[in-house]
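Visitor: This is the content of entry-v3.cif (mmCIF, C-alpha atoms):
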```
data_structure
loop_
_atom_site.label_atom_id
_atom_site.label_comp_id
_atom_site.auth_asym_id
_atom_site.auth_seq_id
_atom_site.Cartn_x
_atom_site.Cartn_y
_atom_site.Cartn_z
CA MET I 27 49.50 145.86 138.34
CA ASN I 28 51.76 148.66 137.31
CA ILE I 29 54.86 149.30 135.31
CA THR I 30 58.28 150.83 135.92
CA ILE I 31 60.40 151.95 133.02
CA ASP I 32 64.09 152.78 133.63
CA VAL I 33 65.93 154.38 130.74
CA LYS I 34 69.63 155.00 130.21
CA ASP I 35 70.29 157.02 127.07
CA ILE I 36 73.96 157.62 126.32
CA ASN I 37 74.97 158.76 122.83
CA SER I 38 72.05 157.07 121.08
CA THR I 39 72.60 153.82 122.96
CA VAL I 40 69.37 153.31 124.83
CA GLU I 41 69.13 150.69 127.58
CA VAL I 42 65.68 150.13 128.99
CA GLN I 43 64.57 148.02 131.92
CA VAL I 44 60.89 147.29 132.20
CA LYS I 45 59.35 145.90 135.38
CA GLY I 46 55.78 144.82 136.00
CA GLU I 47 52.83 144.07 133.73
CA ILE I 48 52.34 145.21 130.15
CA ASP I 49 48.65 145.34 129.25
CA ALA I 50 46.08 147.74 127.79
CA TYR I 51 46.54 150.01 130.79
CA THR I 52 50.34 150.21 130.90
CA ALA I 53 51.21 149.78 127.20
CA PRO I 54 50.44 153.45 126.35
CA LYS I 55 52.89 154.56 129.07
CA LEU I 56 55.57 152.30 127.64
CA ARG I 57 54.98 153.64 124.14
CA GLU I 58 55.06 157.26 125.30
CA SER I 59 58.33 156.91 127.18
CA LEU I 60 60.20 154.92 124.54
CA PHE I 61 58.89 156.15 121.22
CA PRO I 62 60.72 159.52 121.20
CA LEU I 63 64.01 157.68 121.95
CA SER I 64 63.48 155.34 119.00
CA GLU I 65 63.53 158.27 116.61
CA GLN I 66 67.21 159.14 117.07
CA ALA I 67 69.40 158.48 114.03
CA ASN I 68 71.36 155.19 114.28
CA VAL I 69 69.90 154.49 117.70
CA SER I 70 70.74 151.20 119.39
CA MET I 71 67.89 150.21 121.69
CA VAL I 72 67.98 147.25 124.07
CA VAL I 73 64.93 146.48 126.18
CA ASP I 74 65.36 144.12 129.14
CA LEU I 75 62.15 142.26 129.96
CA THR I 76 63.57 140.08 132.75
CA GLU I 77 61.18 141.52 135.31
CA VAL I 78 58.06 141.63 133.17
CA SER I 79 55.58 139.31 134.86
CA TYR I 80 52.78 139.63 132.31
CA MET I 81 52.44 140.74 128.72
CA ASP I 82 49.79 140.41 126.00
CA SER I 83 49.16 141.66 122.47
CA THR I 84 49.14 145.29 123.61
CA GLY I 85 52.81 144.89 124.58
CA LEU I 86 53.62 143.12 121.31
CA GLY I 87 52.06 146.07 119.48
CA VAL I 88 54.30 148.53 121.31
CA PHE I 89 57.45 146.54 120.53
CA VAL I 90 56.52 146.12 116.86
CA GLY I 91 56.00 149.89 116.69
CA LEU I 92 59.36 150.60 118.35
CA PHE I 93 61.11 148.07 116.14
CA LYS I 94 59.71 149.75 113.02
CA SER I 95 60.65 153.20 114.21
CA VAL I 96 64.20 152.18 115.16
CA ARG I 97 64.69 150.46 111.80
CA ALA I 98 63.33 153.50 109.96
CA HIS I 99 66.12 155.50 111.65
CA ASN I 100 68.81 152.99 110.69
CA GLY I 101 69.10 151.72 114.21
CA GLU I 102 69.16 148.39 115.98
CA PHE I 103 66.48 147.01 118.25
CA LYS I 104 66.80 144.10 120.64
CA LEU I 105 64.67 142.52 123.36
CA ILE I 106 66.49 140.58 126.08
CA GLY I 107 65.72 138.62 129.24
CA LEU I 108 62.56 136.97 127.97
CA SER I 109 60.99 134.36 130.22
CA GLU I 110 59.67 131.11 128.74
CA ARG I 111 56.20 132.62 128.76
CA LEU I 112 57.19 135.79 126.90
CA ARG I 113 59.29 133.76 124.49
CA ARG I 114 56.22 131.66 123.70
CA LEU I 115 54.18 134.78 122.93
CA PHE I 116 56.79 135.85 120.36
CA ASP I 117 56.95 132.33 118.94
CA ILE I 118 53.23 131.82 118.38
CA THR I 119 52.79 135.24 116.83
CA GLY I 120 55.73 134.74 114.47
CA LEU I 121 57.54 137.78 115.90
CA ALA I 122 60.46 135.67 117.11
CA ASP I 123 61.60 135.42 113.47
CA ILE I 124 61.36 139.14 112.90
CA ILE I 125 62.59 140.87 116.04
CA ASP I 126 65.96 140.09 117.66
CA ILE I 127 65.09 138.45 120.99
CA LYS I 128 67.14 136.74 123.67
CA SER I 129 65.80 134.50 126.40
CA HIS I 130 66.28 134.94 130.11
CA ALA I 131 68.95 132.23 130.07
CA GLU I 132 71.03 134.19 127.63
CA GLY I 133 71.47 137.01 130.13
CA GLY I 134 70.09 140.50 130.66
CA LEU I 135 71.60 143.94 131.07
CA GLU I 136 74.51 144.33 133.50
CA MET U 4 29.20 115.33 131.14
CA SER U 5 28.03 116.86 134.38
CA GLN U 6 26.01 120.04 134.00
CA ALA U 7 26.36 121.15 137.61
CA TYR U 8 28.65 124.10 137.90
CA ASP U 9 29.56 127.13 139.96
CA TYR U 10 29.02 130.51 138.42
CA ILE U 11 30.89 133.75 139.12
CA GLU U 12 30.10 137.06 137.48
CA MET U 13 31.87 140.43 137.60
CA LYS U 14 31.26 143.78 135.99
CA ILE U 15 34.00 146.32 135.48
CA PRO U 16 33.87 149.86 134.11
CA ALA U 17 34.98 149.80 130.48
CA LYS U 18 38.41 151.20 131.36
CA PRO U 19 41.79 149.55 130.81
CA ASN U 20 42.90 150.00 134.43
CA PHE U 21 40.49 147.29 135.61
CA ILE U 22 41.62 144.50 133.29
CA GLY U 23 44.38 143.57 135.75
CA VAL U 24 41.74 143.05 138.43
CA ILE U 25 40.04 140.48 136.20
CA ARG U 26 43.38 138.67 135.74
CA LEU U 27 43.83 138.43 139.49
CA THR U 28 40.35 137.00 139.96
CA LEU U 29 40.83 134.59 137.09
CA SER U 30 44.17 133.35 138.51
CA GLY U 31 42.44 132.59 141.79
CA ILE U 32 39.60 130.71 140.14
CA ALA U 33 41.80 128.75 137.75
CA SER U 34 44.36 127.72 140.35
CA ARG U 35 41.56 126.56 142.65
CA MET U 36 40.28 124.40 139.78
CA GLY U 37 43.69 122.81 139.36
CA PHE U 38 44.92 124.34 136.13
CA THR U 39 48.70 124.32 135.64
CA TYR U 40 50.84 127.44 135.71
CA ASP U 41 51.06 127.57 131.92
CA GLU U 42 47.33 127.03 131.47
CA ILE U 43 46.60 129.84 133.92
CA GLU U 44 48.93 132.16 132.02
CA ASP U 45 47.14 131.22 128.75
CA LEU U 46 43.77 131.93 130.36
CA LYS U 47 45.02 135.28 131.65
CA ILE U 48 46.16 136.39 128.22
CA ALA U 49 43.03 135.20 126.39
CA THR U 50 40.69 136.80 128.92
CA SER U 51 42.67 140.05 128.96
CA GLU U 52 42.58 140.19 125.17
CA ALA U 53 38.79 139.83 125.18
CA CYS U 54 38.49 142.56 127.85
CA THR U 55 40.87 144.82 125.93
CA ASN U 56 38.77 144.42 122.79
CA ALA U 57 35.63 145.27 124.72
CA VAL U 58 37.19 148.30 126.41
CA GLN U 59 38.87 149.65 123.29
CA HIS U 60 36.29 149.02 120.62
CA ALA U 61 32.88 148.82 122.20
CA TYR U 62 32.51 152.14 123.95
CA LYS U 63 33.59 155.44 122.55
CA ASP U 64 34.33 157.38 125.75
CA ASN U 65 35.05 154.54 128.17
CA GLN U 66 31.46 154.79 129.33
CA GLY U 67 29.67 151.57 130.06
CA GLU U 68 30.54 148.22 131.52
CA VAL U 69 32.16 144.96 130.55
CA LYS U 70 30.69 141.81 132.03
CA ILE U 71 32.95 138.85 132.69
CA SER U 72 31.45 135.56 133.79
CA PHE U 73 33.10 132.31 134.75
CA GLY U 74 31.40 128.90 134.56
CA LEU U 75 33.35 126.41 136.67
CA TYR U 76 32.67 122.86 135.50
CA GLU U 77 34.32 119.69 136.68
CA ASP U 78 36.30 119.32 133.48
CA ARG U 79 36.54 122.87 132.15
CA LEU U 80 36.39 126.60 132.74
CA GLU U 81 34.15 128.73 130.56
CA VAL U 82 34.88 132.43 130.39
CA MET U 83 32.41 134.83 128.81
CA VAL U 84 33.28 138.46 128.15
CA SER U 85 30.52 140.72 126.92
CA ASP U 86 29.91 144.37 126.29
CA SER U 87 26.74 146.10 125.27
CA GLY U 88 28.48 148.83 123.35
CA GLU U 89 27.95 149.81 119.78
CA SER U 90 29.03 146.77 117.86
CA CYS U 91 32.32 147.40 116.24
CA ASP U 92 32.90 146.05 112.79
CA PHE U 93 34.12 142.63 113.77
CA ASP U 94 35.12 141.75 110.23
CA GLU U 95 37.52 144.65 110.40
CA VAL U 96 38.99 143.32 113.64
CA ARG U 97 39.32 139.91 112.05
CA GLN U 98 41.29 141.22 109.11
CA GLY U 99 44.33 141.65 111.31
CA LEU U 100 44.01 138.08 112.52
CA GLY U 101 46.95 135.73 112.32
CA PRO U 102 50.63 135.55 113.05
CA TYR U 103 53.34 137.56 111.37
CA GLU U 104 55.18 135.97 108.51
CA ASN U 105 58.92 135.85 108.25
CA GLY U 106 60.23 138.07 105.50
CA GLN U 107 57.45 140.61 105.78
CA ASN U 108 58.60 144.12 104.99
CA VAL U 109 59.36 145.82 108.32
CA GLU U 110 57.67 148.99 107.19
CA PHE U 111 54.33 147.24 106.81
CA LEU U 112 54.28 145.22 110.04
CA ARG U 113 50.98 145.93 111.74
CA GLU U 114 51.00 147.09 115.34
CA GLY U 115 47.82 145.49 116.58
CA GLY U 116 45.11 143.02 115.72
CA LEU U 117 46.75 140.02 117.37
CA GLY U 118 44.23 139.85 120.20
CA LEU U 119 41.73 137.53 118.53
CA TYR U 120 44.47 135.35 117.13
CA LEU U 121 45.89 134.85 120.63
CA ILE U 122 42.44 134.06 122.05
CA GLU U 123 41.89 131.40 119.40
CA THR U 124 45.38 129.97 119.85
CA LEU U 125 45.43 129.84 123.65
CA MET U 126 41.91 128.55 124.34
CA ASP U 127 40.40 125.18 123.42
CA GLU U 128 37.08 126.51 122.13
CA VAL U 129 36.10 130.03 121.15
CA LYS U 130 32.74 131.38 120.01
CA ILE U 131 31.95 134.97 119.21
CA HIS U 132 28.43 136.33 119.18
CA GLN U 133 27.54 139.71 117.85
CA HIS U 134 24.16 140.98 118.91
CA GLU U 135 23.74 144.33 120.67
CA GLY U 136 27.41 144.26 121.53
CA VAL U 137 29.96 141.52 121.31
CA THR U 138 30.23 138.41 123.46
CA VAL U 139 33.28 136.17 123.46
CA PHE U 140 32.80 132.63 124.85
CA MET U 141 36.01 130.79 125.64
CA THR U 142 36.57 127.33 127.06
CA LYS U 143 39.65 125.72 128.51
CA PHE U 144 39.59 122.07 129.52
CA LEU U 145 41.40 120.66 132.51
CA GLU U 146 44.02 118.42 130.92
CA ARG U 147 44.49 116.40 134.09
CA GLU U 148 40.82 115.36 134.12
CA GLN U 149 41.24 114.20 130.59
CA VAL U 150 44.22 112.05 131.52
CA GLU U 151 42.47 110.61 134.56
CA MET U 152 39.43 109.79 132.46
CA ASP U 153 41.59 108.08 129.87
CA ALA U 154 43.38 106.17 132.60
CA LYS U 155 40.06 104.93 133.99
CA THR U 156 38.93 103.83 130.56
CA LEU U 157 42.17 102.00 130.06
CA SER U 158 42.04 100.15 133.37
CA THR U 159 38.49 98.84 132.87
#
```
Render the structure in this file as structure tokens.
Guide:
Amino acid sequence: MNITIDVKDINSTVEVQVKGEIDAYTAPKLRESLFPLSEQANVSMVVDLTEVSYMDSTGLGVFVGLFKSVRAHNGEFKLIGLSERLRRLFDITGLADIIDIKSHAEGGLE
Amino acid sequence: MSQAYDYIEMKIPAKPNFIGVIRLTLSGIASRMGFTYDEIEDLKIATSEACTNAVQHAYKDNQGEVKISFGLYEDRLEVMVSDSGESCDFDEVRQGLGPYENGQNVEFLREGGLGLYLIETLMDEVKIHQHEGVTVFMTKFLEREQVEMDAKTLST
């Protein structure tokens, strides 16, 4: 019931690997660790969700916030490694048409 | 429809760190009842959303409790999440209801308010009562029972 956030930040290319559950308890931690990185000019942020076992609307809220911030700084934002379950969450909320997402099958980082 | 059922009730402090505990309990109950993996995941999200609402809106300083009760029927699981906090303005919560629309200006995408929409999408029946706090009643039917019942009807 916890979260691990690994960040690689090289010249405004930010690669993030999230492991664990994203809910009302862990979402604030995720926001705090990633938000400052999203404010770099022309940032390219890729978040790998391959090892996220649970996520709800609190997680969606964090990613919408990050997406907005990255876009406001002329950057690019991408979510990769989504399981069927996570993919479904983005589909039913309409976010799949707005944020660039890639399923688990399409490969993660590394 | 049989009215006999098992009843399980839990109370957690109105703090976000205990919502995961409710998910674990719910998984156990739902898998024992025979729900599928996907149905259990739907139940987990809907129940967590209701708990999150209670924890975030009902009590100002995380004081107080959230009560979660499970009614286990032969054909369905009823989940009830209630708080006795100061009633939040539910109409305000409802305003954010609904999915995002393609083509929305990125700048104006809202960063919350999807909780109720997910509850209503993932559960079969949802009722919300507002009286000295908020209570969310949610029902999910066992699909397999439904199929078996239909099969019986067909064979007779």
Visitor: CA of Thr55 in chain U and CA of Arg35 in chain U, how far apart in Å?
Guide: 24.8 Å
Visitor: Residues of chain U near chain I: apply a cut-off of 7 Å, count all atoms listed in the file, and supply the list as JSON, numbers by chain.
Guide: {"U": [19, 20, 23, 48, 55, 102, 103, 104, 105, 109, 110, 114, 115, 117, 118]}
Visitor: Can you list, as number ranges by chain, the residues that the PyMOL selection byres ((chain U and resi 143) around 9) selects here?
Guide: U: 42, 46, 78-82, 125-128, 141-142, 144-146
Visitor: Translate the PyMOL selection byres ((chain U and resi 88) around 12), as applied to the file shown, into an explicit residue set as a list in words.
Guide: Ala17, Asn56, Ala57, Val58, Gln59, His60, Ala61, Tyr62, Lys63, Asp64, Asn65, Gln66, Gly67, Glu68, Val69, Lys70, Ser85, Asp86, Ser87, Glu89, Ser90, Cys91, Asp92, Gln133, His134, Glu135, Gly136, Val137 and Thr138 of chain U
Visitor: One number please: CA of Gln43 in chain I to CA of Glu77 in chain I, in Å, one decimal.
Guide: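 Value for the CA of Gln43 in chain I-CA of Glu77 in chain I distance: 8.1 Å.
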Visitor: Would you work out the distance separating CA of Thr39 in chain I from CA of Met71 in chain I, expressed in Å to one decimal?
Guide: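 CA of Met71 in chain I lies at a distance of 6.1 Å from CA of Thr39 in chain I.
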Visitor: Can you pull out every residue within 6 Å of Ile106 in chain I, counting all atoms listed in the file, but drop anything in the same chain fewer than 2 positions away, and send it as a PyMOL selection string?
Guide: chain I and resi 74+108+127-128+134
Visitor: Could you check which of I:Leu60, I:Ala53, I:Leu112, I:Val72 is closest to Val40 in chain I, using all atoms listed in the file?
Guide: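 Between I:Leu60, I:Ala53, I:Leu112, I:Val72, the residue approaching Val40 in chain I most closely is I:Val72.
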Visitor: Go through U:Gly74, U:Met36, U:Ile25, U:Glu44 and flag the residue nearest Ala7 in chain U, using only C-alpha atoms for the distances.
Guide: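 The closest residue to Ala7 in chain U is U:Gly74.
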